[in-house]
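Novice: Here you go, this is upload_37.pdb (PDB, C-alpha atoms).
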```pdb
MODEL        1
ATOM      1  CA  MET A   1     -50.553-100.299-105.534  1.00  0.00           C
ATOM      2  CA  GLN A   2     -50.566 -97.098-103.510  1.00  0.00           C
ATOM      3  CA  ALA A   3     -47.522 -95.685-105.302  1.00  0.00           C
ATOM      4  CA  LEU A   4     -49.145 -96.312-108.708  1.00  0.00           C
ATOM      5  CA  SER A   5     -52.410 -94.705-107.596  1.00  0.00           C
ATOM      6  CA  GLU A   6     -50.548 -91.696-106.235  1.00  0.00           C
ATOM      7  CA  ARG A   7     -48.584 -91.330-109.462  1.00  0.00           C
ATOM      8  CA  LEU A   8     -51.774 -91.581-111.523  1.00  0.00           C
ATOM      9  CA  GLN A   9     -53.404 -88.907-109.379  1.00  0.00           C
ATOM     10  CA  GLN A  10     -50.451 -86.534-109.665  1.00  0.00           C
ATOM     11  CA  THR A  11     -50.292 -87.002-113.432  1.00  0.00           C
ATOM     12  CA  CYS A  12     -54.038 -86.526-113.946  1.00  0.00           C
ATOM     13  CA  LEU A  13     -54.188 -83.441-111.748  1.00  0.00           C
ATOM     14  CA  ALA A  14     -51.166 -81.890-113.458  1.00  0.00           C
ATOM     15  CA  ARG A  15     -52.806 -82.348-116.869  1.00  0.00           C
ATOM     16  CA  GLY A  16     -56.396 -81.707-115.848  1.00  0.00           C
ATOM     17  CA  LEU A  17     -57.607 -85.157-116.901  1.00  0.00           C
ATOM     18  CA  ALA A  18     -60.675 -87.046-115.694  1.00  0.00           C
ATOM     19  CA  VAL A  19     -60.479 -90.865-115.528  1.00  0.00           C
ATOM     20  CA  THR A  20     -63.102 -93.613-115.516  1.00  0.00           C
ATOM     21  CA  THR A  21     -62.979 -97.396-115.159  1.00  0.00           C
ATOM     22  CA  ALA A  22     -65.026-100.170-116.744  1.00  0.00           C
ATOM     23  CA  GLU A  23     -64.355-103.352-114.813  1.00  0.00           C
ATOM     24  CA  SER A  24     -65.530-106.909-114.988  1.00  0.00           C
ATOM     25  CA  CYS A  25     -63.224-109.536-113.444  1.00  0.00           C
ATOM     26  CA  THR A  26     -61.573-106.997-111.108  1.00  0.00           C
ATOM     27  CA  GLY A  27     -64.951-106.144-109.589  1.00  0.00           C
ATOM     28  CA  GLY A  28     -64.116-102.506-108.899  1.00  0.00           C
ATOM     29  CA  GLY A  29     -60.549-103.144-107.762  1.00  0.00           C
ATOM     30  CA  VAL A  30     -59.102-100.420-109.993  1.00  0.00           C
ATOM     31  CA  ALA A  31     -61.654 -97.869-108.779  1.00  0.00           C
ATOM     32  CA  SER A  32     -60.892 -98.927-105.212  1.00  0.00           C
ATOM     33  CA  ALA A  33     -57.144 -98.477-105.714  1.00  0.00           C
ATOM     34  CA  ILE A  34     -57.732 -95.024-107.201  1.00  0.00           C
ATOM     35  CA  THR A  35     -60.084 -93.897-104.445  1.00  0.00           C
ATOM     36  CA  ASP A  36     -57.785 -95.203-101.703  1.00  0.00           C
ATOM     37  CA  ILE A  37     -55.843 -91.983-102.268  1.00  0.00           C
ATOM     38  CA  ALA A  38     -57.271 -88.855-100.646  1.00  0.00           C
ATOM     39  CA  GLY A  39     -58.242 -86.224-103.197  1.00  0.00           C
ATOM     40  CA  SER A  40     -59.066 -88.700-105.951  1.00  0.00           C
ATOM     41  CA  SER A  41     -62.467 -87.068-106.456  1.00  0.00           C
ATOM     42  CA  ALA A  42     -60.639 -84.240-108.233  1.00  0.00           C
ATOM     43  CA  TYR A  43     -60.070 -86.519-111.230  1.00  0.00           C
ATOM     44  CA  PHE A  44     -62.123 -89.682-110.700  1.00  0.00           C
ATOM     45  CA  GLU A  45     -65.896 -89.317-110.727  1.00  0.00           C
ATOM     46  CA  THR A  46     -67.326 -92.560-112.099  1.00  0.00           C
ATOM     47  CA  GLY A  47     -66.417 -96.209-112.362  1.00  0.00           C
ATOM     48  CA  TYR A  48     -68.483 -99.027-113.802  1.00  0.00           C
ATOM     49  CA  VAL A  49     -68.526-102.606-112.563  1.00  0.00           C
ATOM     50  CA  THR A  50     -70.187-104.443-115.426  1.00  0.00           C
ATOM     51  CA  TYR A  51     -69.814-108.047-114.430  1.00  0.00           C
ATOM     52  CA  SER A  52     -72.630-109.406-116.570  1.00  0.00           C
ATOM     53  CA  ASN A  53     -73.008-109.103-120.336  1.00  0.00           C
ATOM     54  CA  SER A  54     -76.338-107.350-119.887  1.00  0.00           C
ATOM     55  CA  ALA A  55     -74.654-104.693-117.713  1.00  0.00           C
ATOM     56  CA  LYS A  56     -71.973-104.186-120.363  1.00  0.00           C
ATOM     57  CA  THR A  57     -74.724-103.592-122.912  1.00  0.00           C
ATOM     58  CA  ARG A  58     -76.988-101.501-120.708  1.00  0.00           C
ATOM     59  CA  LEU A  59     -74.386 -99.258-119.039  1.00  0.00           C
ATOM     60  CA  LEU A  60     -71.566 -99.096-121.601  1.00  0.00           C
ATOM     61  CA  ASN A  61     -73.428 -99.693-124.865  1.00  0.00           C
ATOM     62  CA  VAL A  62     -71.399-102.779-125.751  1.00  0.00           C
ATOM     63  CA  SER A  63     -73.194-104.363-128.677  1.00  0.00           C
ATOM     64  CA  PRO A  64     -74.861-107.706-127.952  1.00  0.00           C
ATOM     65  CA  ALA A  65     -73.441-108.828-131.320  1.00  0.00           C
ATOM     66  CA  THR A  66     -69.898-108.067-130.094  1.00  0.00           C
ATOM     67  CA  LEU A  67     -70.470-110.113-126.963  1.00  0.00           C
ATOM     68  CA  GLU A  68     -72.055-112.968-128.896  1.00  0.00           C
ATOM     69  CA  THR A  69     -69.390-113.056-131.598  1.00  0.00           C
ATOM     70  CA  PHE A  70     -66.233-112.475-129.545  1.00  0.00           C
ATOM     71  CA  GLY A  71     -67.270-113.114-125.941  1.00  0.00           C
ATOM     72  CA  ALA A  72     -66.886-110.954-122.861  1.00  0.00           C
ATOM     73  CA  VAL A  73     -63.180-111.755-122.588  1.00  0.00           C
ATOM     74  CA  SER A  74     -61.977-110.278-125.864  1.00  0.00           C
ATOM     75  CA  ARG A  75     -60.196-107.368-127.471  1.00  0.00           C
ATOM     76  CA  GLU A  76     -63.394-106.209-129.129  1.00  0.00           C
ATOM     77  CA  THR A  77     -65.354-106.170-125.890  1.00  0.00           C
ATOM     78  CA  VAL A  78     -62.820-104.244-123.791  1.00  0.00           C
ATOM     79  CA  ILE A  79     -62.390-101.675-126.563  1.00  0.00           C
ATOM     80  CA  ALA A  80     -66.166-101.165-126.616  1.00  0.00           C
ATOM     81  CA  MET A  81     -66.213-101.029-122.803  1.00  0.00           C
ATOM     82  CA  VAL A  82     -63.601 -98.278-122.475  1.00  0.00           C
ATOM     83  CA  ALA A  83     -65.109 -96.235-125.298  1.00  0.00           C
ATOM     84  CA  GLY A  84     -68.567 -96.574-123.739  1.00  0.00           C
ATOM     85  CA  ALA A  85     -67.337 -95.690-120.254  1.00  0.00           C
ATOM     86  CA  CYS A  86     -65.661 -92.526-121.541  1.00  0.00           C
ATOM     87  CA  ARG A  87     -68.729 -91.530-123.572  1.00  0.00           C
ATOM     88  CA  GLU A  88     -71.154 -92.165-120.723  1.00  0.00           C
ATOM     89  CA  SER A  89     -69.047 -90.526-117.996  1.00  0.00           C
ATOM     90  CA  GLY A  90     -67.495 -87.713-120.010  1.00  0.00           C
ATOM     91  CA  ALA A  91     -64.024 -88.771-118.817  1.00  0.00           C
ATOM     92  CA  ASP A  92     -60.913 -87.920-120.804  1.00  0.00           C
ATOM     93  CA  LEU A  93     -59.579 -91.436-120.529  1.00  0.00           C
ATOM     94  CA  GLY A  94     -60.333 -94.798-119.046  1.00  0.00           C
ATOM     95  CA  VAL A  95     -59.422 -98.410-118.660  1.00  0.00           C
ATOM     96  CA  ALA A  96     -61.537-101.516-119.263  1.00  0.00           C
ATOM     97  CA  ILE A  97     -60.794-104.985-117.920  1.00  0.00           C
ATOM     98  CA  SER A  98     -62.463-108.319-118.648  1.00  0.00           C
ATOM     99  CA  GLY A  99     -61.008-111.708-117.908  1.00  0.00           C
ATOM    100  CA  VAL A 100     -61.146-115.134-116.329  1.00  0.00           C
ATOM    101  CA  ALA A 101     -60.021-114.842-112.707  1.00  0.00           C
ATOM    102  CA  GLY A 102     -60.845-118.465-111.829  1.00  0.00           C
ATOM    103  CA  PRO A 103     -60.783-120.896-110.347  1.00  0.00           C
ATOM    104  CA  GLY A 104     -63.326-122.054-112.945  1.00  0.00           C
ATOM    105  CA  GLY A 105     -64.639-120.562-116.144  1.00  0.00           C
ATOM    106  CA  GLY A 106     -61.581-121.013-118.307  1.00  0.00           C
ATOM    107  CA  SER A 107     -61.420-122.702-121.698  1.00  0.00           C
ATOM    108  CA  ALA A 108     -58.718-123.877-124.096  1.00  0.00           C
ATOM    109  CA  ASP A 109     -58.780-120.486-125.858  1.00  0.00           C
ATOM    110  CA  LYS A 110     -59.199-118.444-122.689  1.00  0.00           C
ATOM    111  CA  PRO A 111     -57.661-120.284-119.747  1.00  0.00           C
ATOM    112  CA  VAL A 112     -57.923-119.058-116.168  1.00  0.00           C
ATOM    113  CA  GLY A 113     -55.677-116.013-115.839  1.00  0.00           C
ATOM    114  CA  THR A 114     -56.528-114.594-119.283  1.00  0.00           C
ATOM    115  CA  VAL A 115     -57.308-110.890-118.943  1.00  0.00           C
ATOM    116  CA  TRP A 116     -57.982-108.351-121.681  1.00  0.00           C
ATOM    117  CA  PHE A 117     -57.344-104.644-121.072  1.00  0.00           C
ATOM    118  CA  ALA A 118     -58.155-101.548-123.090  1.00  0.00           C
ATOM    119  CA  TRP A 119     -57.015 -98.019-122.411  1.00  0.00           C
ATOM    120  CA  GLY A 120     -58.159 -94.933-124.216  1.00  0.00           C
ATOM    121  CA  ASN A 121     -61.093 -92.618-124.684  1.00  0.00           C
ATOM    122  CA  ALA A 122     -64.289 -92.456-126.710  1.00  0.00           C
ATOM    123  CA  LEU A 123     -62.357 -92.171-129.997  1.00  0.00           C
ATOM    124  CA  ILE A 124     -58.999 -93.939-129.619  1.00  0.00           C
ATOM    125  CA  GLN A 125     -58.296 -97.203-127.793  1.00  0.00           C
ATOM    126  CA  GLN A 126     -55.470 -99.667-127.375  1.00  0.00           C
ATOM    127  CA  ALA A 127     -55.973-103.241-126.167  1.00  0.00           C
ATOM    128  CA  GLU A 128     -53.677-105.881-124.721  1.00  0.00           C
ATOM    129  CA  CYS A 129     -54.099-109.428-123.447  1.00  0.00           C
ATOM    130  CA  ARG A 130     -52.189-110.774-120.469  1.00  0.00           C
ATOM    131  CA  ARG A 131     -52.013-114.217-118.901  1.00  0.00           C
ATOM    132  CA  PHE A 132     -51.557-114.225-115.146  1.00  0.00           C
ATOM    133  CA  SER A 133     -50.825-117.107-112.814  1.00  0.00           C
ATOM    134  CA  GLY A 134     -51.992-117.739-109.288  1.00  0.00           C
ATOM    135  CA  ASP A 135     -55.347-117.974-107.579  1.00  0.00           C
ATOM    136  CA  ARG A 136     -58.337-115.691-108.098  1.00  0.00           C
ATOM    137  CA  ARG A 137     -57.006-113.025-105.752  1.00  0.00           C
ATOM    138  CA  ALA A 138     -53.580-113.031-107.420  1.00  0.00           C
ATOM    139  CA  VAL A 139     -55.062-112.721-110.919  1.00  0.00           C
ATOM    140  CA  ARG A 140     -57.247-109.807-109.845  1.00  0.00           C
ATOM    141  CA  GLU A 141     -54.395-108.016-108.052  1.00  0.00           C
ATOM    142  CA  GLN A 142     -52.102-108.383-111.054  1.00  0.00           C
ATOM    143  CA  ALA A 143     -54.869-107.081-113.318  1.00  0.00           C
ATOM    144  CA  VAL A 144     -55.390-103.986-111.151  1.00  0.00           C
ATOM    145  CA  ARG A 145     -51.658-103.254-111.265  1.00  0.00           C
ATOM    146  CA  VAL A 146     -51.498-103.598-115.056  1.00  0.00           C
ATOM    147  CA  ALA A 147     -54.590-101.398-115.431  1.00  0.00           C
ATOM    148  CA  LEU A 148     -53.031 -98.596-113.369  1.00  0.00           C
ATOM    149  CA  GLU A 149     -49.669 -98.907-115.127  1.00  0.00           C
ATOM    150  CA  GLY A 150     -51.435 -98.714-118.489  1.00  0.00           C
ATOM    151  CA  LEU A 151     -53.317 -95.546-117.526  1.00  0.00           C
ATOM    152  CA  ILE A 152     -50.041 -93.894-116.538  1.00  0.00           C
ATOM    153  CA  ARG A 153     -48.359 -95.060-119.783  1.00  0.00           C
ATOM    154  CA  TRP A 154     -51.289 -93.745-121.846  1.00  0.00           C
ATOM    155  CA  ILE A 155     -51.021 -90.305-120.237  1.00  0.00           C
ATOM    156  CA  ASP A 156     -47.223 -90.200-120.512  1.00  0.00           C
ATOM    157  CA  ALA A 157     -47.416 -91.058-124.218  1.00  0.00           C
ATOM    158  CA  ALA A 158     -49.901 -88.259-124.956  1.00  0.00           C
TER     159      ALA A 158
ENDMDL
END
```
Show this structure as structure tokens.
Specialist:
Amino acid sequence: MQALSERLQQTCLARGLAVTTAESCTGGGVASAITDIAGSSAYFETGYVTYSNSAKTRLLNVSPATLETFGAVSRETVIAMVAGACRESGADLGVAISGVAGPGGGSADKPVGTVWFAWGNALIQQAECRRFSGDRRAVREQAVRVALEGLIRWIDAA
């Protein structure tokens, strides 16, 4: 994780980009990985841990209708989360994560290990769903890795 965080930092600093996170099932794991690297305050100012639906609505302006219609673990929700995090923080780009880390809470449509990601900014977003295996810790660790990799990919593609 350290190598990914270091690469993200180098890339953001070289391009003058500010990053934010909007996390649910990872509980701040992405922000923690970013801030494990000295000097991260030069590009990372704010991260949101919005574990509950009410926090997603209150802090990131995710519509209650979106949450009711699609659920917290959905493409629509993570897109709204990343857009809201970028708007609220003023960051140039961000990542949003919402999923089912387990061991309970899964369903036929969204089994344990289902995690939705969105990368982007206030105007443009891209979402992706992944299915991870393992226990709660393993799902969360894999999600943090994918989140960091996606931020780097987003910047490289710009």
Novice: Go through the shown structure with the PyMOL selection byres ((chain A and resi 100) around 9) and write out the matching residues as an MDAnalysis selection string.
Specialist: chainID A and resid 25 73 98:99 101:106 110:115 136 139
Novice: Which of these residues is nearest to Leu8 (chain A), using all atoms listed in the file: A:Ile152, A:Ala33, A:Ala157, A:Ala122?
Specialist: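 Of A:Ile152, A:Ala33, A:Ala157, A:Ala122, the one nearest Leu8 (chain A) is A:Ile152, counting all atoms listed in the file.
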Novice: Can you list, as a list in words, the residues that the PyMOL selection byres ((chain A and resi 21) around 10) selects here?
Specialist: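 This file, filtered by the PyMOL selection byres ((chain A and resi 21) around 10), leaves Val19, Thr20, Ala22, Glu23, Ser24, Gly28, Gly29, Val30, Ala31, Ile34, Phe44, Glu45, Thr46, Gly47, Tyr48, Val49, Met81, Val82, Ala85, Cys86, Ser89, Ala91, Leu93, Gly94, Val95, Ala96, Ile97, Trp119 and Ala147 of chain A.
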Novice: Point out the residue among A:Ser52, A:Ile37, A:Thr57, A:Arg130 with the least atom-to-atom distance to Arg145 (chain A), counting only C-alpha atoms.
Specialist: A:Arg130
Novice: Residues proximal to (-72.2, -99.2, -122.5) were defined as those with any atom within 8 Å of that point in the file's coordinates, counting all atoms listed in the file. Which are they, as a list of chain:residue names?
Specialist: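 All residues meeting the 8 Å criterion around (-72.2, -99.2, -122.5) are A:Ala55, A:Lys56, A:Thr57, A:Arg58, A:Leu59, A:Leu60, A:Asn61, A:Val62, A:Ala80, A:Met81, A:Gly84, A:Ala85, A:Glu88.
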Novice: How many Å separate CA of Met1 (chain A) from CA of Val144 (chain A)?
Specialist: 8.3 Å
Novice: Enter the distance from CA of Val146 (chain A) to CA of Thr66 (chain A), in Å, rounded to one decimal.
Specialist: 24.2 Å
Novice: Work out how far CA of Arg153 (chain A) is from CA of Thr77 (chain A), in Å to one decimal.
Specialist: 21.2 Å
Novice: Determine, counting all atoms listed in the file, which protein, DNA and RNA residues have an atom within 7 Å of an atom of Ile79 (chain A); residues of the same chain fewer than 5 positions away are not included. Present the result as a ChimeraX atom specification.
Specialist: /A:118,125,127
Novice: I'd like to know which of A:Tyr51, A:Trp154, A:Phe132, A:Trp116 is closest to Glu76 (chain A), using all atoms listed in the file.
Specialist: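 Smallest distance to Glu76 (chain A) is found for A:Trp116.
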